[in-house]
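Participant: Structure provided below as structure tokens; questions to follow.
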Amino acid sequence: MSITAWIAVATIFAVIAALLKKFEVRTTLLSAGIFLCLISLAPMQAFDQFAKMMTSATLVQAITAAMGFAFLMSYTKADLHLVTLLAAPLKHLGVFLIPACTIVTLIVNTAIPSAAGCAAAVGATLIPIMIRAGIKPAGAGAAVLAGTIGSFLNPGSPHQNMVGSYVGISGMEFILQNMTTYMVLWAISVVMITVTEFALRDHKGDGKIEGDGNFGETIDHVNLLYALAPLVPLVLLILGNTCVPALKMGVAQAMVIGAIYTIIVTRTSPAKATTTFFTGCGKGFADIVSIIVSASVFAMGLRAAGLVDVMIEGLKSSNEYAQWGGVLGPYLMAILVGSGDAATMAFNEAVTPHAESFGMSITNLGNLAYVSGALGRTMSPIAGVVIVIAGLCRSNPLDLVKRTAPGMIVGVLTLLFVF
């Protein structure tokens with residue numbers, strides 16, 4: 001390897017250390033990427049990549065529109081109506097309340113892609129129900145946490161849109177291609193959290209809630225039209241990409257139609273709804289697109305330094321390691337830093353486009369990196385969603401991940417040996 005490639009290896013370890021110390025993710029990735037391009041005597045590659053990704057139509061449209069819609073759901077409280085509707089039949093299920101609440105979270109996370117946002121909406125309703133039904137607080141929180149991999153089926157996912165753009169398909173088409181993987185991981189999550197909590201006797205709690213019992217805002221009466229609002233874009237995208245071709249549209253278009261439906265049924269001020277929607281769009285750009293841009297610059301730095309070429313040549317000569325690298329790399333990084341996004345984005349930017357040269361399809365390798373990063377995040381005690389749920393159920397984050405870890409490990413092993 002060249003001297004710059006070795007420097008790139010050292011930079012990767014420095015980036016990991018910085019992220020472990022809670023350095024700002026975007027600043028870390030951008031700085032590392034620009035540094036590597038500078039030492040490779042190609043500084044403009046970093047800046048050109050930054051500009052290119054800032055205007056990536058597929059990514060920016062899908063992600064910002066999805067976040068705008070999520071903000072509108074929160075503003076109108078339509079998300080709470082959906083959660084309450086799904087939670088209503090669950091109160092008397094006993095030990096089966098655990099898998100039922102995980103399934104509800106999976107469904108809601110499909111409509112509300114943010115893991116932390118979904119956990120806040122779902123946890124406010126489901127965690128008190130579970131605790132009062134006799135499930136220990138940590139068990140109640142872990143049941144919700146296990147369901148936060150439901151965003152696999154959200155067509156606004158930045159990962160699916162990013163990898164899909166490499167082969168000219170939409171996020172929804174990407175989901176349909178990988179549906180078997182998602183359904184298997186959903187099933188593993190539900191079954192394993194149930195088995196683990198049963199073994200830990202989490203269903204033998206005393207039904208008491210510590211503190212004042214204020215678990216967030218809830219609603220007493222469900223409006224069905226409100227509850228359907230978060231699902232409108234998802235239904236349109238599924239129908240358009242399966243059995244009703246006339247409805248085929250992009251994510252942004254579906255989100256706007258869903259927003260119009262929400263404004264009508266909730267009778268929200270159009271001016272306030274529009275402002276909220278575009279505030280969410282801006283938040284999506286600031287919080288999600290910015291990470292993609294930063295990871296892309298970092299990946300360009302690795303490429304300019306020659307490390308990506310070395311990795312690709314190594315994978316070409318050892319095809320069997322491509323899948324292992326795509327699974328274990330993002331998975332372990334996500335556990336360490338509490339987020340699957342940075343590692344997954346960098347891997348999918350640098351390595352995934354070359355998947356066919358070492359015997360894998362681009363969509364398969366990109367999807368493996370995506371889902372394994374999500375699995376790692378779900379068992380990381382420093383992940384934002386874990387901390388949110390730990391606060392809701394007043395438990396230690398380690399107690400939550402102790403319960404989700406077995407299912408996530410089984411999921412990763414399944415990715416390695418089945419898919």
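Each chain of the structure tokens is named A, B, ... in the order shown, its residues numbered from 1; ligands are numbered from 1 in display order.
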Enumerate, as a VMD selection string, the complete set of residues in stretch 163-358 of chain A that a backbone-based DSSP assignment places in helix (DSSP H, G or I).

Facilitator: chain A and resid 163 to 167 171 to 177 179 to 199 202 to 204 224 to 241 245 to 247 251 to 266 270 to 304 307 to 317 320 to 337 341 to 350 352 to 358

Participant: Give me, as a JSON list (two decimals) with N, CA and C atoms, in the first residue's frame, all polymer residues having an atom no more than 12 Å from A:Val108, counting only C-alpha atoms and skipping those fewer than 3 positions away in the same chain.

Facilitator:
[["chain", "number", "residue", "atom", "x", "y", "z"],
["A", 70, "ALA", "N", -43.08, 13.95, 8.70],
["A", 70, "ALA", "CA", -43.00, 13.50, 10.09],
["A", 70, "ALA", "C", -43.24, 14.66, 11.06],
["A", 73, "MET", "N", -46.91, 15.33, 11.19],
["A", 73, "MET", "CA", -47.61, 14.31, 11.98],
["A", 73, "MET", "C", -47.50, 14.62, 13.47],
["A", 78, "ALA", "N", -51.32, 13.49, 14.81],
["A", 78, "ALA", "CA", -51.84, 12.33, 14.09],
["A", 78, "ALA", "C", -51.06, 11.07, 14.46],
["A", 79, "ASP", "N", -49.76, 11.22, 14.77],
["A", 79, "ASP", "CA", -48.97, 10.06, 15.16],
["A", 79, "ASP", "C", -49.48, 9.46, 16.48],
["A", 80, "LEU", "N", -49.91, 10.32, 17.42],
["A", 80, "LEU", "CA", -50.44, 9.81, 18.69],
["A", 80, "LEU", "C", -51.76, 9.07, 18.49],
["A", 81, "HIS", "N", -52.57, 9.53, 17.55],
["A", 81, "HIS", "CA", -53.82, 8.84, 17.26],
["A", 81, "HIS", "C", -53.54, 7.44, 16.70],
["A", 82, "LEU", "N", -52.53, 7.34, 15.82],
["A", 82, "LEU", "CA", -52.19, 6.03, 15.26],
["A", 82, "LEU", "C", -51.68, 5.10, 16.35],
["A", 83, "VAL", "N", -50.79, 5.60, 17.20],
["A", 83, "VAL", "CA", -50.24, 4.78, 18.28],
["A", 83, "VAL", "C", -51.33, 4.32, 19.24],
["A", 84, "THR", "N", -52.21, 5.24, 19.62],
["A", 84, "THR", "CA", -53.29, 4.90, 20.55],
["A", 84, "THR", "C", -54.24, 3.88, 19.93],
["A", 85, "LEU", "N", -54.54, 4.03, 18.64],
["A", 85, "LEU", "CA", -55.41, 3.07, 17.96],
["A", 85, "LEU", "C", -54.80, 1.67, 17.98],
["A", 86, "LEU", "N", -53.51, 1.59, 17.70],
["A", 86, "LEU", "CA", -52.85, 0.29, 17.67],
["A", 86, "LEU", "C", -52.68, -0.30, 19.07],
["A", 87, "ALA", "N", -52.56, 0.58, 20.07],
["A", 87, "ALA", "CA", -52.32, 0.11, 21.44],
["A", 87, "ALA", "C", -53.59, -0.35, 22.14],
["A", 101, "CYS", "N", -46.42, -5.29, 21.47],
["A", 101, "CYS", "CA", -45.93, -3.91, 21.50],
["A", 101, "CYS", "C", -44.74, -3.72, 20.56],
["A", 102, "THR", "N", -43.92, -4.75, 20.43],
["A", 102, "THR", "CA", -42.81, -4.67, 19.46],
["A", 102, "THR", "C", -43.36, -4.58, 18.05],
["A", 103, "ILE", "N", -44.38, -5.35, 17.75],
["A", 103, "ILE", "CA", -44.99, -5.31, 16.41],
["A", 103, "ILE", "C", -45.61, -3.94, 16.14],
["A", 104, "VAL", "N", -46.30, -3.39, 17.13],
["A", 104, "VAL", "CA", -46.88, -2.06, 16.97],
["A", 104, "VAL", "C", -45.79, -1.04, 16.69],
["A", 105, "THR", "N", -44.67, -1.12, 17.42],
["A", 105, "THR", "CA", -43.57, -0.18, 17.19],
["A", 105, "THR", "C", -42.99, -0.34, 15.78],
["A", 111, "ALA", "N", -44.01, 4.25, 9.43],
["A", 111, "ALA", "CA", -44.62, 5.55, 9.08],
["A", 111, "ALA", "C", -43.84, 6.73, 9.64],
["A", 112, "ILE", "N", -43.17, 6.53, 10.78],
["A", 112, "ILE", "CA", -42.37, 7.58, 11.41],
["A", 112, "ILE", "C", -40.92, 7.10, 11.40],
["A", 113, "PRO", "N", -40.11, 7.48, 10.40],
["A", 113, "PRO", "CA", -38.81, 6.85, 10.18],
["A", 113, "PRO", "C", -37.77, 7.11, 11.25],
["A", 114, "SER", "N", -37.86, 8.21, 11.96],
["A", 114, "SER", "CA", -36.87, 8.50, 13.00],
["A", 114, "SER", "C", -37.03, 7.53, 14.16],
["A", 115, "ALA", "N", -35.96, 6.83, 14.50],
["A", 115, "ALA", "CA", -36.03, 5.87, 15.60],
["A", 115, "ALA", "C", -36.38, 6.56, 16.91],
["A", 116, "ALA", "N", -35.70, 7.68, 17.19],
["A", 116, "ALA", "CA", -35.96, 8.41, 18.44],
["A", 116, "ALA", "C", -37.36, 9.01, 18.43],
["A", 117, "GLY", "N", -37.78, 9.56, 17.29],
["A", 117, "GLY", "CA", -39.13, 10.14, 17.19],
["A", 117, "GLY", "C", -40.20, 9.09, 17.36],
["A", 118, "CYS", "N", -40.00, 7.94, 16.73],
["A", 118, "CYS", "CA", -40.96, 6.83, 16.88],
["A", 118, "CYS", "C", -41.00, 6.37, 18.33],
["A", 119, "ALA", "N", -39.83, 6.22, 18.95],
["A", 119, "ALA", "CA", -39.77, 5.75, 20.34],
["A", 119, "ALA", "C", -40.50, 6.71, 21.27],
["A", 120, "ALA", "N", -40.35, 8.01, 21.03],
["A", 120, "ALA", "CA", -41.02, 8.99, 21.88],
["A", 120, "ALA", "C", -42.53, 8.90, 21.73],
["A", 121, "ALA", "N", -43.00, 8.76, 20.48],
["A", 121, "ALA", "CA", -44.44, 8.69, 20.23],
["A", 121, "ALA", "C", -45.04, 7.40, 20.76],
["A", 122, "VAL", "N", -44.38, 6.29, 20.47],
["A", 122, "VAL", "CA", -44.90, 4.98, 20.88],
["A", 122, "VAL", "C", -44.71, 4.75, 22.37],
["A", 123, "GLY", "N", -43.53, 5.09, 22.86],
["A", 123, "GLY", "CA", -43.23, 4.82, 24.26],
["A", 123, "GLY", "C", -44.15, 5.54, 25.22],
["A", 126, "LEU", "N", -47.29, 3.09, 25.03],
["A", 126, "LEU", "CA", -47.14, 1.66, 25.26],
["A", 126, "LEU", "C", -46.40, 1.32, 26.55],
["A", 144, "VAL", "N", -40.17, -1.90, 23.13],
["A", 144, "VAL", "CA", -40.30, -0.79, 22.17],
["A", 144, "VAL", "C", -39.01, -0.63, 21.37],
["A", 147, "GLY", "N", -38.47, -2.75, 18.40],
["A", 147, "GLY", "CA", -39.30, -2.43, 17.25],
["A", 147, "GLY", "C", -38.82, -1.26, 16.42],
["A", 148, "THR", "N", -37.73, -0.62, 16.85],
["A", 148, "THR", "CA", -37.26, 0.57, 16.13],
["A", 148, "THR", "C", -36.40, 0.23, 14.92],
["A", 149, "ILE", "N", -36.43, -1.04, 14.49],
["A", 149, "ILE", "CA", -35.84, -1.39, 13.20],
["A", 149, "ILE", "C", -36.92, -1.39, 12.11],
["A", 150, "GLY", "N", -38.11, -0.90, 12.47],
["A", 150, "GLY", "CA", -39.22, -0.89, 11.52],
["A", 150, "GLY", "C", -39.03, 0.04, 10.35],
["A", 151, "SER", "N", -38.07, 0.97, 10.45],
["A", 151, "SER", "CA", -37.86, 1.92, 9.36],
["A", 151, "SER", "C", -37.29, 1.26, 8.12],
["A", 152, "PHE", "N", -36.96, -0.04, 8.20],
["A", 152, "PHE", "CA", -36.54, -0.78, 7.00],
["A", 152, "PHE", "C", -37.56, -0.59, 5.87],
["A", 153, "LEU", "N", -38.84, -0.47, 6.24],
["A", 153, "LEU", "CA", -39.88, -0.41, 5.22],
["A", 153, "LEU", "C", -40.30, 1.01, 4.87],
["A", 154, "ASN", "N", -39.56, 1.99, 5.35],
["A", 154, "ASN", "CA", -39.92, 3.38, 5.04],
["A", 154, "ASN", "C", -39.24, 3.82, 3.75],
["A", 227, "ALA", "N", -55.69, 9.00, 12.61],
["A", 227, "ALA", "CA", -54.80, 7.84, 12.75],
["A", 227, "ALA", "C", -54.32, 7.32, 11.40],
["A", 228, "LEU", "N", -55.12, 7.50, 10.37],
["A", 228, "LEU", "CA", -54.74, 7.00, 9.04],
["A", 228, "LEU", "C", -53.73, 7.92, 8.35],
["A", 229, "ALA", "N", -53.63, 9.16, 8.80],
["A", 229, "ALA", "CA", -52.78, 10.15, 8.12],
["A", 229, "ALA", "C", -51.33, 9.71, 7.97],
["A", 230, "PRO", "N", -50.66, 9.18, 9.02],
["A", 230, "PRO", "CA", -49.25, 8.78, 8.85],
["A", 230, "PRO", "C", -49.05, 7.67, 7.82],
["A", 231, "LEU", "N", -50.12, 6.93, 7.52],
["A", 231, "LEU", "CA", -50.00, 5.79, 6.61],
["A", 231, "LEU", "C", -50.27, 6.13, 5.15],
["A", 234, "LEU", "N", -47.28, 5.94, 2.67],
["A", 234, "LEU", "CA", -46.82, 4.56, 2.57],
["A", 234, "LEU", "C", -47.75, 3.74, 1.69]]

Participant: Write out as JSON, numbers by chain each polymer residue whose atoms come within 12 Å of stretch 20-25 of chain A, counting only C-alpha atoms; drop sequence neighbours fewer than 5 positions from it.

Facilitator: {"A": [13, 14, 15, 30, 31, 32, 287, 288, 290, 291, 292, 293, 294, 295, 298, 333, 334, 335, 336, 337, 338, 339, 340, 341, 342, 343, 380, 382, 383, 384]}

Participant: What are the nearest atom pairs, with distances in Å to one decimal, for all residues of stretch 45-80 of chain A that come at most 12 Å from stretch 155-175 of chain A, using only C-alpha atoms, set out by chain and rising residue number as a tab-separated table?

Facilitator:
residue	atom	partner	partner_atom	distance
A:Met53	CA	A:Met162	CA	10.4
A:Ser56	CA	A:Met162	CA	9.3
A:Ala57	CA	A:Ser165	CA	9.7
A:Thr58	CA	A:Asn161	CA	6.7
A:Leu59	CA	A:Asn161	CA	6.0
A:Val60	CA	A:Pro158	CA	8.7
A:Gln61	CA	A:Gly156	CA	8.9
A:Ala62	CA	A:Gly156	CA	5.2
A:Ile63	CA	A:Gly156	CA	5.5
A:Thr64	CA	A:Gly156	CA	8.6
A:Ala65	CA	A:Gly156	CA	7.9
A:Ala66	CA	A:Gly156	CA	5.5
A:Met67	CA	A:Gly156	CA	8.4
A:Gly68	CA	A:Gly156	CA	10.9
A:Phe69	CA	A:Gly156	CA	10.3
A:Ala70	CA	A:Gly156	CA	10.6

Participant: So how far away is atom CA of A:Gly325 from atom CA of A:Thr11, in Å?

Facilitator: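 Separating atom CA of A:Thr11 from atom CA of A:Gly325 is a distance of 18.5 Å.
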
Participant: Residues near A:Phe96, anyone? I mean within 10 Å using only C-alpha atoms, not counting same-chain ones fewer than 6 positions away, as a ChimeraX atom specification.

Facilitator: /A:90,194,198,203

Participant: For A:Ala187, find every residue with an atom within 12 Å (counting only C-alpha atoms), except residues of its own chain fewer than 4 positions away, and show them as an mmCIF file with N, CA and C atoms, in the first residue's frame.

Facilitator:
data_model
loop_
_atom_site.group_PDB
_atom_site.id
_atom_site.type_symbol
_atom_site.label_atom_id
_atom_site.label_comp_id
_atom_site.auth_asym_id
_atom_site.auth_seq_id
_atom_site.Cartn_x
_atom_site.Cartn_y
_atom_site.Cartn_z
ATOM 1 N N PRO A 99 -44.429 -9.111 22.623
ATOM 2 C CA PRO A 99 -44.303 -9.131 21.157
ATOM 3 C C PRO A 99 -45.317 -8.219 20.474
ATOM 4 N N ALA A 100 -46.502 -8.069 21.063
ATOM 5 C CA ALA A 100 -47.526 -7.210 20.454
ATOM 6 C C ALA A 100 -47.044 -5.762 20.400
ATOM 7 N N THR A 102 -43.921 -4.746 20.432
ATOM 8 C CA THR A 102 -42.815 -4.670 19.464
ATOM 9 C C THR A 102 -43.355 -4.580 18.048
ATOM 10 N N ILE A 103 -44.381 -5.354 17.751
ATOM 11 C CA ILE A 103 -44.993 -5.313 16.412
ATOM 12 C C ILE A 103 -45.608 -3.943 16.143
ATOM 13 N N LEU A 106 -42.846 -1.587 15.335
ATOM 14 C CA LEU A 106 -42.355 -1.836 13.976
ATOM 15 C C LEU A 106 -43.255 -1.151 12.943
ATOM 16 N N ALA A 146 -36.804 -2.807 20.543
ATOM 17 C CA ALA A 146 -36.655 -3.874 19.543
ATOM 18 C C ALA A 146 -37.462 -3.597 18.279
ATOM 19 N N GLY A 147 -38.474 -2.748 18.404
ATOM 20 C CA GLY A 147 -39.305 -2.430 17.246
ATOM 21 C C GLY A 147 -38.816 -1.262 16.423
ATOM 22 N N ILE A 149 -36.433 -1.041 14.488
ATOM 23 C CA ILE A 149 -35.838 -1.387 13.196
ATOM 24 C C ILE A 149 -36.920 -1.392 12.114
ATOM 25 N N GLY A 150 -38.113 -0.902 12.469
ATOM 26 C CA GLY A 150 -39.224 -0.893 11.520
ATOM 27 C C GLY A 150 -39.030 0.039 10.351
ATOM 28 N N THR A 180 -37.848 -9.798 1.751
ATOM 29 C CA THR A 180 -37.627 -11.042 2.508
ATOM 30 C C THR A 180 -36.663 -10.815 3.670
ATOM 31 N N THR A 181 -35.578 -10.098 3.398
ATOM 32 C CA THR A 181 -34.608 -9.802 4.462
ATOM 33 C C THR A 181 -35.271 -9.035 5.602
ATOM 34 N N TYR A 182 -36.056 -8.027 5.260
ATOM 35 C CA TYR A 182 -36.692 -7.207 6.289
ATOM 36 C C TYR A 182 -37.689 -8.018 7.116
ATOM 37 N N MET A 183 -38.476 -8.846 6.458
ATOM 38 C CA MET A 183 -39.472 -9.626 7.182
ATOM 39 C C MET A 183 -38.815 -10.646 8.124
ATOM 40 N N VAL A 191 -39.516 -12.365 17.978
ATOM 41 C CA VAL A 191 -39.395 -13.653 18.676
ATOM 42 C C VAL A 191 -38.323 -13.577 19.759
ATOM 43 N N MET A 192 -37.163 -13.007 19.424
ATOM 44 C CA MET A 192 -36.051 -13.007 20.370
ATOM 45 C C MET A 192 -36.302 -12.093 21.561
ATOM 46 N N ILE A 193 -36.954 -10.944 21.358
ATOM 47 C CA ILE A 193 -37.226 -10.082 22.509
ATOM 48 C C ILE A 193 -38.222 -10.760 23.446
ATOM 49 N N THR A 194 -39.154 -11.515 22.871
ATOM 50 C CA THR A 194 -40.128 -12.250 23.691
ATOM 51 C C THR A 194 -39.443 -13.346 24.495
ATOM 52 N N GLY A 407 -31.335 -10.730 20.194
ATOM 53 C CA GLY A 407 -32.047 -10.693 18.915
ATOM 54 C C GLY A 407 -31.217 -10.055 17.822
ATOM 55 N N MET A 408 -30.496 -8.984 18.143
ATOM 56 C CA MET A 408 -29.680 -8.308 17.134
ATOM 57 C C MET A 408 -28.511 -9.191 16.702
ATOM 58 N N VAL A 410 -28.512 -12.527 16.721
ATOM 59 C CA VAL A 410 -29.096 -13.558 15.847
ATOM 60 C C VAL A 410 -29.370 -12.972 14.463
ATOM 61 N N GLY A 411 -29.815 -11.725 14.427
ATOM 62 C CA GLY A 411 -30.061 -11.070 13.149
ATOM 63 C C GLY A 411 -28.801 -10.949 12.318
ATOM 64 N N THR A 414 -27.723 -14.261 10.976
ATOM 65 C CA THR A 414 -28.594 -14.613 9.862
ATOM 66 C C THR A 414 -28.153 -13.918 8.574
#
